[in-house]
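**Student:** mmCIF, C-alpha atoms, file final.cif:
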data_structure
loop_
_atom_site.label_atom_id
_atom_site.label_comp_id
_atom_site.auth_asym_id
_atom_site.auth_seq_id
_atom_site.Cartn_x
_atom_site.Cartn_y
_atom_site.Cartn_z
CA MET A 1 -10.77 -9.14 18.90
CA ALA A 2 -7.13 -9.42 19.86
CA SER A 3 -5.91 -8.88 23.41
CA GLU A 4 -2.59 -8.59 25.21
CA SER A 5 -2.00 -12.29 24.64
CA ALA A 6 -2.13 -11.61 20.90
CA TYR A 7 1.38 -10.13 21.09
CA ARG A 8 3.67 -13.09 20.61
CA PRO A 9 7.30 -12.19 19.85
CA ASP A 10 8.00 -15.91 19.39
CA ARG A 11 5.28 -16.29 16.73
CA GLU A 12 6.66 -18.28 13.81
CA GLY A 13 6.10 -16.74 10.39
CA MET A 14 7.12 -17.41 6.81
CA LEU A 15 10.20 -15.18 7.20
CA SER A 16 10.93 -15.86 10.87
CA PRO A 17 14.56 -16.95 10.32
CA TYR A 18 15.39 -13.63 8.65
CA ARG A 19 16.26 -10.14 9.87
CA VAL A 20 15.62 -6.82 8.13
CA LEU A 21 17.39 -3.56 8.91
CA ASP A 22 14.79 -0.97 7.95
CA LEU A 23 16.35 2.45 7.31
CA THR A 24 13.28 3.86 5.56
CA ASP A 25 11.25 6.87 6.59
CA GLU A 26 7.60 7.46 5.68
CA ARG A 27 8.49 7.11 2.00
CA GLY A 28 9.35 3.43 2.20
CA ILE A 29 8.00 2.29 5.54
CA LEU A 30 5.43 -0.09 4.03
CA CYS A 31 8.21 -2.29 2.61
CA GLY A 32 9.44 -3.35 6.03
CA LYS A 33 5.88 -3.63 7.31
CA ILE A 34 5.08 -6.26 4.68
CA LEU A 35 8.20 -8.24 5.59
CA ALA A 36 7.43 -7.87 9.31
CA ASP A 37 3.90 -9.18 8.87
CA LEU A 38 5.38 -12.18 7.06
CA GLY A 39 7.41 -12.94 10.16
CA ALA A 40 10.78 -11.29 9.59
CA ASP A 41 12.53 -9.61 12.53
CA VAL A 42 12.31 -6.06 11.20
CA ILE A 43 14.38 -3.52 13.11
CA GLN A 44 13.27 0.03 12.31
CA VAL A 45 16.45 2.11 12.42
CA GLU A 46 15.44 5.62 13.46
CA PRO A 47 17.52 8.76 13.92
CA PRO A 48 17.83 9.97 17.53
CA GLY A 49 14.52 11.60 18.41
CA GLY A 50 12.54 9.31 16.14
CA SER A 51 11.61 8.78 12.52
CA SER A 52 9.92 11.55 10.55
CA ALA A 53 7.15 8.99 9.94
CA ARG A 54 6.10 9.59 13.55
CA ARG A 55 5.19 13.15 12.61
CA VAL A 56 2.74 12.13 9.89
CA GLY A 57 -0.90 12.63 10.95
CA PRO A 58 -3.61 12.04 11.81
CA PHE A 59 -2.86 11.68 15.51
CA TYR A 60 -4.65 9.90 18.33
CA GLN A 61 -7.18 12.32 19.86
CA ASP A 62 -5.65 15.04 17.65
CA GLU A 63 -2.62 15.34 19.92
CA PRO A 64 0.64 15.20 17.92
CA GLY A 65 3.42 13.18 19.47
CA PRO A 66 6.04 10.58 18.51
CA ASP A 67 3.89 7.73 19.81
CA SER A 68 0.43 8.93 18.76
CA SER A 69 0.64 9.00 14.96
CA LEU A 70 -1.98 6.72 13.42
CA PHE A 71 0.26 6.54 10.35
CA TRP A 72 3.09 5.21 12.51
CA TRP A 73 0.81 2.73 14.25
CA SER A 74 -0.32 1.32 10.93
CA TYR A 75 3.10 0.93 9.34
CA ALA A 76 5.33 0.19 12.35
CA ALA A 77 3.34 -2.52 14.14
CA ASN A 78 5.31 -5.80 14.27
CA LYS A 79 8.63 -3.96 14.06
CA ARG A 80 11.24 -3.29 16.71
CA SER A 81 12.87 0.14 17.02
CA ILE A 82 16.45 1.23 17.60
CA THR A 83 17.93 4.69 17.24
CA LEU A 84 21.09 5.22 15.20
CA ASN A 85 22.72 8.35 13.80
CA LEU A 86 24.31 7.36 10.51
CA HIS A 87 25.89 10.80 10.18
CA THR A 88 28.34 9.98 12.96
CA ALA A 89 31.35 7.67 12.78
CA ASP A 90 30.08 5.69 15.78
CA GLY A 91 26.68 5.28 14.16
CA GLN A 92 28.19 4.01 10.93
CA ALA A 93 30.38 1.59 12.85
CA LEU A 94 27.34 0.26 14.72
CA LEU A 95 25.45 -0.36 11.49
CA LYS A 96 28.41 -2.28 10.13
CA ARG A 97 28.45 -4.41 13.28
CA LEU A 98 24.75 -5.18 12.75
CA LEU A 99 25.16 -6.15 9.09
CA PRO A 100 26.39 -9.72 9.63
CA THR A 101 23.18 -10.45 11.56
CA ALA A 102 20.95 -9.10 8.77
CA ASP A 103 19.50 -10.72 5.67
CA PHE A 104 17.86 -7.62 4.19
CA LEU A 105 18.45 -3.88 4.36
CA VAL A 106 15.83 -1.50 2.99
CA GLU A 107 16.26 2.26 2.67
CA SER A 108 14.54 5.24 1.09
CA GLY A 109 17.22 7.93 1.10
CA LEU A 110 18.22 9.97 -1.91
CA PRO A 111 20.31 8.16 -4.56
CA GLY A 112 23.90 8.02 -3.41
CA GLU A 113 23.09 9.16 0.13
CA LEU A 114 24.29 5.97 1.83
CA ALA A 115 27.27 5.72 -0.51
CA SER A 116 28.36 9.22 0.54
CA LEU A 117 28.54 7.88 4.12
CA GLY A 118 30.67 4.92 3.09
CA LEU A 119 27.62 2.66 3.27
CA GLY A 120 26.94 2.02 -0.42
CA TYR A 121 25.98 -1.41 -1.67
CA ALA A 122 29.58 -2.35 -2.48
CA GLU A 123 30.68 -1.61 1.09
CA LEU A 124 27.69 -3.39 2.61
CA ALA A 125 28.13 -6.47 0.40
CA GLU A 126 31.79 -6.69 1.32
CA ILE A 127 30.75 -7.13 4.95
CA ASN A 128 27.82 -9.44 4.17
CA PRO A 129 27.88 -10.92 0.63
CA SER A 130 24.46 -12.55 1.07
CA LEU A 131 22.77 -9.28 2.05
CA ILE A 132 19.84 -8.08 -0.07
CA VAL A 133 19.62 -4.28 -0.23
CA ALA A 134 16.45 -2.62 -1.54
CA SER A 135 16.55 1.11 -2.26
CA ILE A 136 13.21 2.90 -2.74
CA THR A 137 13.47 6.26 -4.48
CA PRO A 138 11.13 8.41 -6.60
CA PHE A 139 12.80 7.71 -9.95
CA GLY A 140 15.42 5.05 -9.30
CA GLN A 141 19.18 5.29 -8.96
CA SER A 142 19.92 6.24 -12.59
CA GLY A 143 18.56 8.42 -15.37
CA PRO A 144 18.12 12.20 -15.76
CA TYR A 145 15.51 12.42 -12.97
CA ALA A 146 17.35 10.24 -10.44
CA GLY A 147 18.37 13.20 -8.30
CA TYR A 148 14.96 14.86 -8.29
CA GLN A 149 12.90 14.95 -5.14
CA ALA A 150 9.20 14.14 -5.43
CA PRO A 151 6.44 14.69 -2.91
CA ASP A 152 3.36 12.60 -3.61
CA LEU A 153 1.75 15.23 -5.86
CA VAL A 154 4.82 15.43 -8.10
CA GLY A 155 5.35 11.67 -8.17
CA ILE A 156 1.74 10.81 -9.01
CA GLY A 157 1.79 13.43 -11.75
CA MET A 158 5.08 12.23 -13.24
CA ALA A 159 3.89 8.61 -13.18
CA GLY A 160 0.75 9.41 -15.20
CA LEU A 161 -1.89 8.54 -12.62
CA MET A 162 -3.11 12.14 -12.27
CA TYR A 163 -3.80 12.43 -15.99
CA VAL A 164 -6.38 9.64 -15.84
CA THR A 165 -7.89 10.71 -12.49
CA GLY A 166 -10.68 13.28 -12.24
CA ASP A 167 -13.41 14.79 -14.38
CA PRO A 168 -12.81 15.49 -18.07
CA ASP A 169 -13.79 19.17 -17.82
CA ARG A 170 -11.51 19.86 -14.87
CA PRO A 171 -7.76 19.70 -14.17
CA PRO A 172 -6.21 16.37 -13.13
CA VAL A 173 -6.38 15.41 -9.46
CA ARG A 174 -4.37 13.03 -7.32
CA VAL A 175 -5.84 10.23 -5.26
CA GLY A 176 -6.73 11.62 -1.83
CA PHE A 177 -4.41 9.46 0.29
CA PRO A 178 -0.73 9.60 -0.80
CA HIS A 179 -0.04 6.53 -2.92
CA PHE A 180 3.23 7.23 -4.73
CA TYR A 181 5.60 5.83 -2.11
CA LEU A 182 3.24 3.06 -1.05
CA HIS A 183 3.44 1.64 -4.58
CA GLY A 184 7.22 1.91 -4.50
CA ALA A 185 7.48 0.36 -1.04
CA ALA A 186 5.28 -2.57 -2.03
CA ALA A 187 7.45 -3.06 -5.12
CA GLY A 188 10.48 -2.97 -2.82
CA ALA A 189 9.08 -5.82 -0.73
CA THR A 190 8.29 -7.79 -3.89
CA GLY A 191 11.74 -7.15 -5.32
CA ALA A 192 13.38 -8.15 -2.05
CA MET A 193 11.48 -11.45 -2.03
CA LEU A 194 12.39 -12.15 -5.65
CA ALA A 195 16.03 -11.52 -4.76
CA HIS A 196 15.59 -13.81 -1.76
CA ALA A 197 14.29 -16.59 -4.03
CA HIS A 198 17.45 -16.20 -6.10
CA ARG A 199 19.60 -16.20 -2.95
CA THR A 200 18.13 -19.53 -1.81
CA LEU A 201 19.34 -21.02 -5.11
CA ALA A 202 22.63 -19.21 -5.69
CA GLY A 203 23.58 -18.07 -2.19
CA ALA A 204 24.35 -14.51 -3.21
CA GLY A 205 22.64 -11.29 -2.25
CA GLN A 206 21.94 -8.46 -4.65
CA TYR A 207 20.89 -4.86 -4.99
CA VAL A 208 17.22 -4.05 -5.72
CA ASP A 209 16.74 -0.59 -7.28
CA VAL A 210 13.09 0.49 -7.00
CA SER A 211 11.59 3.43 -8.90
CA CYS A 212 8.27 4.59 -7.43
CA GLN A 213 7.46 6.19 -10.80
CA GLU A 214 7.78 2.83 -12.54
CA ALA A 215 5.74 1.10 -9.83
CA VAL A 216 2.84 3.55 -10.24
CA THR A 217 3.01 3.53 -14.04
CA ARG A 218 2.60 -0.24 -13.98
CA ALA A 219 -0.66 0.27 -12.08
CA LEU A 220 -2.29 2.36 -14.83
CA ALA A 221 -4.23 -0.61 -16.22
CA ASN A 222 -4.71 -0.23 -19.98
CA ALA A 223 -3.59 3.39 -20.41
CA PRO A 224 0.03 2.77 -21.56
CA GLN A 225 -0.96 -0.31 -23.58
CA SER A 226 -3.73 1.52 -25.43
CA TYR A 227 -1.27 4.11 -26.68
CA VAL A 228 1.28 1.50 -27.74
CA LEU A 229 -1.27 -0.74 -29.48
CA ASP A 230 -3.53 1.73 -31.28
CA GLY A 231 -2.37 5.24 -30.43
CA GLY A 232 -5.36 5.76 -28.12
CA ILE A 233 -4.83 8.29 -25.34
CA ILE A 234 -6.82 7.32 -22.26
CA LYS A 235 -8.05 10.45 -20.49
CA ARG A 236 -9.78 11.06 -17.19
CA GLN A 237 -13.51 10.50 -17.49
CA GLY A 238 -14.93 10.98 -14.00
CA SER A 239 -17.68 8.40 -13.54
CA TYR A 240 -16.88 6.85 -16.90
CA ARG A 241 -13.96 4.77 -18.07
CA GLN A 242 -12.36 5.07 -21.47
CA THR A 243 -11.62 1.62 -22.86
CA GLY A 244 -10.25 2.65 -26.25
CA SER A 245 -9.95 5.59 -28.60
CA THR A 246 -13.73 5.92 -29.07
CA THR A 247 -15.29 3.47 -26.59
CA TYR A 248 -16.35 3.92 -22.98
CA MET A 249 -18.23 2.42 -20.07
CA ARG A 250 -20.02 3.94 -17.09
CA ILE A 251 -18.63 2.84 -13.72
CA THR A 252 -19.72 5.01 -10.75
CA TRP A 253 -23.36 5.93 -10.10
CA PRO A 254 -25.05 8.00 -7.39
CA CYS A 255 -27.66 6.22 -5.29
CA ARG A 256 -29.96 7.26 -2.46
CA ASP A 257 -27.30 7.27 0.27
CA GLY A 258 -23.98 7.37 -1.53
CA PHE A 259 -22.48 5.72 -4.60
CA VAL A 260 -22.19 2.30 -6.18
CA ASN A 261 -19.98 0.93 -8.91
CA PHE A 262 -21.88 -0.79 -11.70
CA GLN A 263 -19.99 -1.81 -14.79
CA PHE A 264 -22.25 -0.98 -17.73
CA SER A 265 -20.53 -2.81 -20.56
CA GLY A 266 -20.89 -5.58 -23.09
CA GLY A 267 -19.18 -8.95 -23.16
CA ALA A 268 -20.00 -12.48 -22.07
CA GLY A 269 -19.78 -11.84 -18.32
CA ALA A 270 -20.37 -8.10 -18.05
CA GLY A 271 -23.09 -8.24 -20.71
CA ALA A 272 -25.02 -10.92 -18.84
CA SER A 273 -24.82 -8.74 -15.74
CA VAL A 274 -26.28 -5.78 -17.63
CA ASN A 275 -29.06 -7.97 -19.05
CA ASN A 276 -29.96 -9.05 -15.52
CA PHE A 277 -29.96 -5.43 -14.38
CA VAL A 278 -32.28 -4.41 -17.20
CA GLN A 279 -34.65 -7.21 -16.21
CA TRP A 280 -34.57 -5.99 -12.59
CA MET A 281 -35.56 -2.50 -13.72
CA ALA A 282 -38.53 -3.96 -15.59
CA GLU A 283 -39.61 -6.03 -12.57
CA GLU A 284 -39.85 -2.86 -10.49
CA GLY A 285 -41.83 -0.96 -13.13
CA MET A 286 -38.90 1.21 -14.23
CA GLY A 287 -38.06 -0.64 -17.41
CA ASP A 288 -36.96 0.90 -20.70
CA ALA A 289 -38.02 -0.50 -24.08
CA TYR A 290 -34.75 0.45 -25.78
CA LEU A 291 -32.64 -1.29 -23.14
CA GLU A 292 -34.88 -4.36 -23.20
CA SER A 293 -34.41 -4.65 -26.96
CA LEU A 294 -30.66 -5.13 -26.59
CA ASP A 295 -28.64 -8.22 -25.71
CA PHE A 296 -25.47 -6.93 -24.12
CA THR A 297 -23.75 -10.32 -24.32
CA GLN A 298 -23.52 -9.69 -28.08
CA TRP A 299 -21.54 -6.50 -27.58
CA GLY A 300 -17.79 -6.63 -27.14
CA TYR A 301 -16.37 -5.76 -23.74
CA GLY A 302 -15.94 -2.00 -23.41
CA THR A 303 -17.28 -1.24 -26.90
CA ILE A 304 -20.21 1.04 -26.05
CA SER A 305 -20.08 4.41 -27.77
CA LEU A 306 -20.72 7.79 -26.16
CA GLU A 307 -23.90 8.19 -28.23
CA MET A 308 -25.29 4.93 -26.87
CA LEU A 309 -24.38 5.86 -23.32
CA GLU A 310 -26.17 9.21 -23.66
CA ARG A 311 -29.36 7.26 -24.40
CA ILE A 312 -28.88 4.70 -21.65
CA VAL A 313 -27.50 6.63 -18.67
CA PRO A 314 -30.56 8.72 -17.66
CA VAL A 315 -32.92 5.74 -17.24
CA VAL A 316 -30.33 3.62 -15.45
CA GLU A 317 -29.34 6.47 -13.16
CA ARG A 318 -32.99 7.10 -12.26
CA PHE A 319 -33.35 3.50 -11.11
CA ILE A 320 -30.13 3.48 -9.10
CA ARG A 321 -30.92 6.79 -7.39
CA SER A 322 -34.16 5.31 -6.09
CA HIS A 323 -32.33 2.64 -4.03
CA SER A 324 -29.87 2.57 -1.14
CA LYS A 325 -26.41 1.04 -1.36
CA GLN A 326 -27.51 -1.99 0.65
CA GLU A 327 -30.64 -2.54 -1.43
CA LEU A 328 -28.62 -2.39 -4.63
CA PHE A 329 -25.94 -4.70 -3.27
CA ASP A 330 -28.44 -7.29 -2.01
CA GLY A 331 -30.30 -7.18 -5.32
CA ALA A 332 -27.08 -7.49 -7.29
CA VAL A 333 -25.97 -10.56 -5.34
CA ALA A 334 -29.34 -12.22 -5.82
CA ARG A 335 -29.40 -11.48 -9.57
CA ARG A 336 -25.68 -11.97 -10.40
CA ILE A 337 -25.04 -8.35 -11.32
CA LEU A 338 -21.59 -6.72 -11.28
CA LEU A 339 -22.51 -3.99 -8.81
CA PHE A 340 -21.06 -3.11 -5.41
CA PRO A 341 -21.18 -0.22 -2.94
CA VAL A 342 -18.52 2.48 -2.80
CA ALA A 343 -17.52 2.09 0.84
CA THR A 344 -16.84 5.00 3.18
CA PRO A 345 -14.37 4.59 6.08
CA ARG A 346 -17.35 3.94 8.37
CA ASP A 347 -18.61 1.27 5.96
CA ILE A 348 -15.21 -0.41 5.92
CA TYR A 349 -14.93 -0.50 9.70
CA GLY A 350 -18.40 -2.02 10.00
CA ASN A 351 -18.08 -4.40 7.07
CA PRO A 352 -19.38 -7.86 8.08
CA GLN A 353 -16.87 -9.68 5.89
CA LEU A 354 -13.91 -7.94 7.50
CA ALA A 355 -15.45 -8.52 10.92
CA ALA A 356 -15.85 -12.23 10.21
CA ARG A 357 -12.14 -12.45 9.44
CA ASP A 358 -11.07 -10.35 12.47
CA TYR A 359 -9.40 -7.82 10.22
CA PHE A 360 -9.65 -4.91 12.66
CA GLN A 361 -8.22 -5.89 16.02
CA GLN A 362 -8.01 -4.21 19.42
CA VAL A 363 -4.49 -4.36 20.80
CA PRO A 364 -2.98 -2.70 23.86
CA HIS A 365 -0.28 -0.03 23.82
CA ALA A 366 1.89 0.95 26.75
CA ALA A 367 1.42 4.67 26.13
CA PHE A 368 -2.39 4.67 26.25
CA GLU A 369 -5.09 3.36 28.54
CA GLU A 370 -7.45 2.49 25.70
CA PRO A 371 -6.47 -0.29 23.28
CA LEU A 372 -5.50 0.60 19.72
CA ILE A 373 -7.61 -0.56 16.79
CA LEU A 374 -5.21 -1.73 14.11
CA PRO A 375 -5.60 -3.50 10.76
CA GLY A 376 -4.92 -7.18 11.17
CA PRO A 377 -2.91 -9.47 8.87
CA PHE A 378 -3.21 -8.86 5.14
CA ALA A 379 -3.62 -12.60 4.53
CA ASN A 380 -4.61 -15.73 6.42
CA ALA A 381 -1.93 -18.40 6.03
CA SER A 382 -2.64 -21.91 7.28
CA ALA A 383 0.90 -23.17 7.90
CA CYS A 384 2.38 -19.94 9.27
CA PRO A 385 -0.48 -17.72 10.49
CA LEU A 386 0.22 -14.00 10.34
CA GLY A 387 -0.40 -12.05 13.52
CA PHE A 388 0.84 -9.47 15.99
CA ARG A 389 4.28 -9.93 17.52
CA TYR A 390 5.02 -6.36 18.61
CA PRO A 391 2.95 -3.22 19.11
CA PRO A 392 4.05 -0.06 17.28
CA PRO A 393 7.38 0.60 19.03
CA MET A 394 8.27 3.72 20.96
CA VAL A 395 11.40 5.62 19.96
CA GLY A 396 14.44 3.41 20.56
CA GLU A 397 12.37 0.95 22.57
CA HIS A 398 14.65 -1.95 21.69
CA ASN A 399 18.04 -0.24 21.94
CA ARG A 400 19.11 -2.28 24.95
CA ALA A 401 17.77 -5.55 23.55
CA VAL A 402 19.63 -5.11 20.25
CA TYR A 403 22.80 -3.27 21.26
CA VAL A 404 23.46 -4.85 24.66
CA ASP A 405 21.73 -8.24 24.69
CA GLU A 406 22.40 -9.13 21.04
CA LEU A 407 25.38 -7.09 19.88
CA GLY A 408 27.30 -7.36 23.16
CA LEU A 409 27.79 -3.70 24.04
CA GLN A 410 28.19 -2.86 27.70
CA PRO A 411 25.46 -0.67 29.22
CA HIS A 412 27.95 2.12 29.87
CA GLU A 413 28.97 2.05 26.20
CA LEU A 414 25.35 2.56 25.18
CA VAL A 415 25.13 5.51 27.58
CA ARG A 416 28.24 7.04 26.01
CA LEU A 417 26.90 6.56 22.51
CA ARG A 418 23.70 8.29 23.54
CA GLU A 419 25.65 11.21 25.03
CA PHE A 420 27.51 11.65 21.73
CA ASN A 421 24.22 11.50 19.73
CA ALA A 422 25.22 8.28 17.99
CA VAL A 423 22.07 6.47 19.13
#
Let me see the structure of the file written as structure tokens.

**Tutor:**
Amino acid sequence: MASESAYRPDREGMLSPYRVLDLTDERGILCGKILADLGADVIQVEPPGGSSARRVGPFYQDEPGPDSSLFWWSYAANKRSITLNLHTADGQALLKRLLPTADFLVESGLPGELASLGLGYAELAEINPSLIVASITPFGQSGPYAGYQAPDLVGIGMAGLMYVTGDPDRPPVRVGFPHFYLHGAAAGATGAMLAHAHRTLAGAGQYVDVSCQEAVTRALANAPQSYVLDGGIIKRQGSYRQTGSTTYMRITWPCRDGFVNFQFSGGAGAGASVNNFVQWMAEEGMGDAYLESLDFTQWGYGTISLEMLERIVPVVERFIRSHSKQELFDGAVARRILLFPVATPRDIYGNPQLAARDYFQQVPHAAFEEPLILPGPFANASACPLGFRYPPPMVGEHNRAVYVDELGLQPHELVRLREFNAV
């Protein structure tokens, strides 16, 4: 577990020489978080009073407040915070003074919003030609939908993910936790790093235009490709997965204390797994003559018909229901079967693999007596280990450090800017 000593502002990371001005709200906040975890000095630029991301629940002990949002804790750790009102002339001037110190700027406003304030990419690049600007919007900066707003429900629907999610006899559903902007924000971080690779070769910055719709659509596995290749329309199938126009596989199965995923399919690898599972059923006296007569390695991957599944599913489901998640997982590991538990939040927090890698870490926070439990680094890097540099910042916590100590403002100037709602 981490402790107060785990906060090391001087920790060297892969992106330690670089600075990011993060103008995003909850729609793009993950982008800067990824860059911050990689070591960049990410300055979260918040409006006076704090980012709207601070108002996203759930909240610590169910008490809403700007410093008690679990959402904020997760996506703002390792960032610094300054307040800045870009709708004032003083605020715009301050941002322009910060630009020469920055290597990246990420934002998630509406298309043209920054340009309307005289802060479009052309104006920013004139001040800092090597600056990389990443804009994260629902549908990108161009096209007939560019000006449309999209909460998660709309975005997930427009990107196609809802159509393939849910049961076939019910309307489409969205994934429980909002994913639309997380996909876009992750694509923004990827695009920024690709632009950075180009900058190291050519020396020039560039503009990265991210469409969350495109980012989600790329995550739809084989659904778009199936339509292009053979006209097959992949539909939501609940516990099943449609692999082609007329072929399916069963994925999710109920067990004694929850659910497991078991890929019932043919193919060299998946078929061998199914053969091993069938043998396991027989060993426990729950075998099925029809299943035992088949060699699933001889079937193509994902080529099982609905008629065949109707014959197979009841006997397989009976076996799985008679075991717990842990029993099934242990048996699958021992027998080389493609089966794993469907983890609940409690399962994830108590997962021995995550514990062995110190994924969840206890870290202190100035606003609370009890330490926070935060997700640790998303990767373990040998040369530049990822880790905590800053706790989730309070509103404008680093105003003095950035504006006075780094930018050279006098303390009385910062007071005046605060009085005029510029910071």

**Student:** Expand the PyMOL selection byres ((chain A and resi 364) around 9) into the individual residues it matches in the shown file, reporting them as a list in words.

**Tutor:** Ala2, Ser3, Glu4, Gln362, Val363, His365, Ala366, Ala367, Phe368, Glu369, Glu370, Pro371, Leu372, Ile373 and Pro391 of chain A

**Student:** Find, counting all atoms listed in the file, the residue in A:Ser265, A:Ser51, A:Gln237, A:Asn276 that gets nearest to Met162 of chain A.

**Tutor:** A:Gln237

**Student:** Which value, in Å to one decimal, gives the distance between atom CA of Cys212 of chain A and atom CA of Met249 of chain A?

**Tutor:**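 It comes out at 29.4 Å.
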
**Student:** I'd like the interatomic distance between atom CA of Asp22 of chain A and atom CA of Lys79 of chain A, to a tenth of an Å.

**Tutor:**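 Computing it gives 9.2 Å between the two atoms.
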
**Student:** Translate the PyMOL selection byres ((chain A and resi 217) around 9) into a concrete residue list for this structure, as a list in words.

**Tutor:**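 With the shown file as input, the PyMOL selection byres ((chain A and resi 217) around 9) matches Ile156, Met158, Ala159, Gly160, Leu161, Cys212, Gln213, Glu214, Ala215, Val216, Arg218, Ala219, Leu220, Ala221 and Pro224 of chain A.
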
**Student:** So how many Å separate atom CA of Pro138 of chain A and atom CA of Thr24 of chain A, to one decimal?

**Tutor:**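 Between atom CA of Pro138 of chain A and atom CA of Thr24 of chain A the gap is 13.2 Å.
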
**Student:** Using all atoms listed in the file, find the one residue out of A:Leu407, A:Ala102, A:Val395, A:Ala379 that sits nearest to Ser52 of chain A.

**Tutor:**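 Closest to Ser52 of chain A of all the choices is A:Val395.
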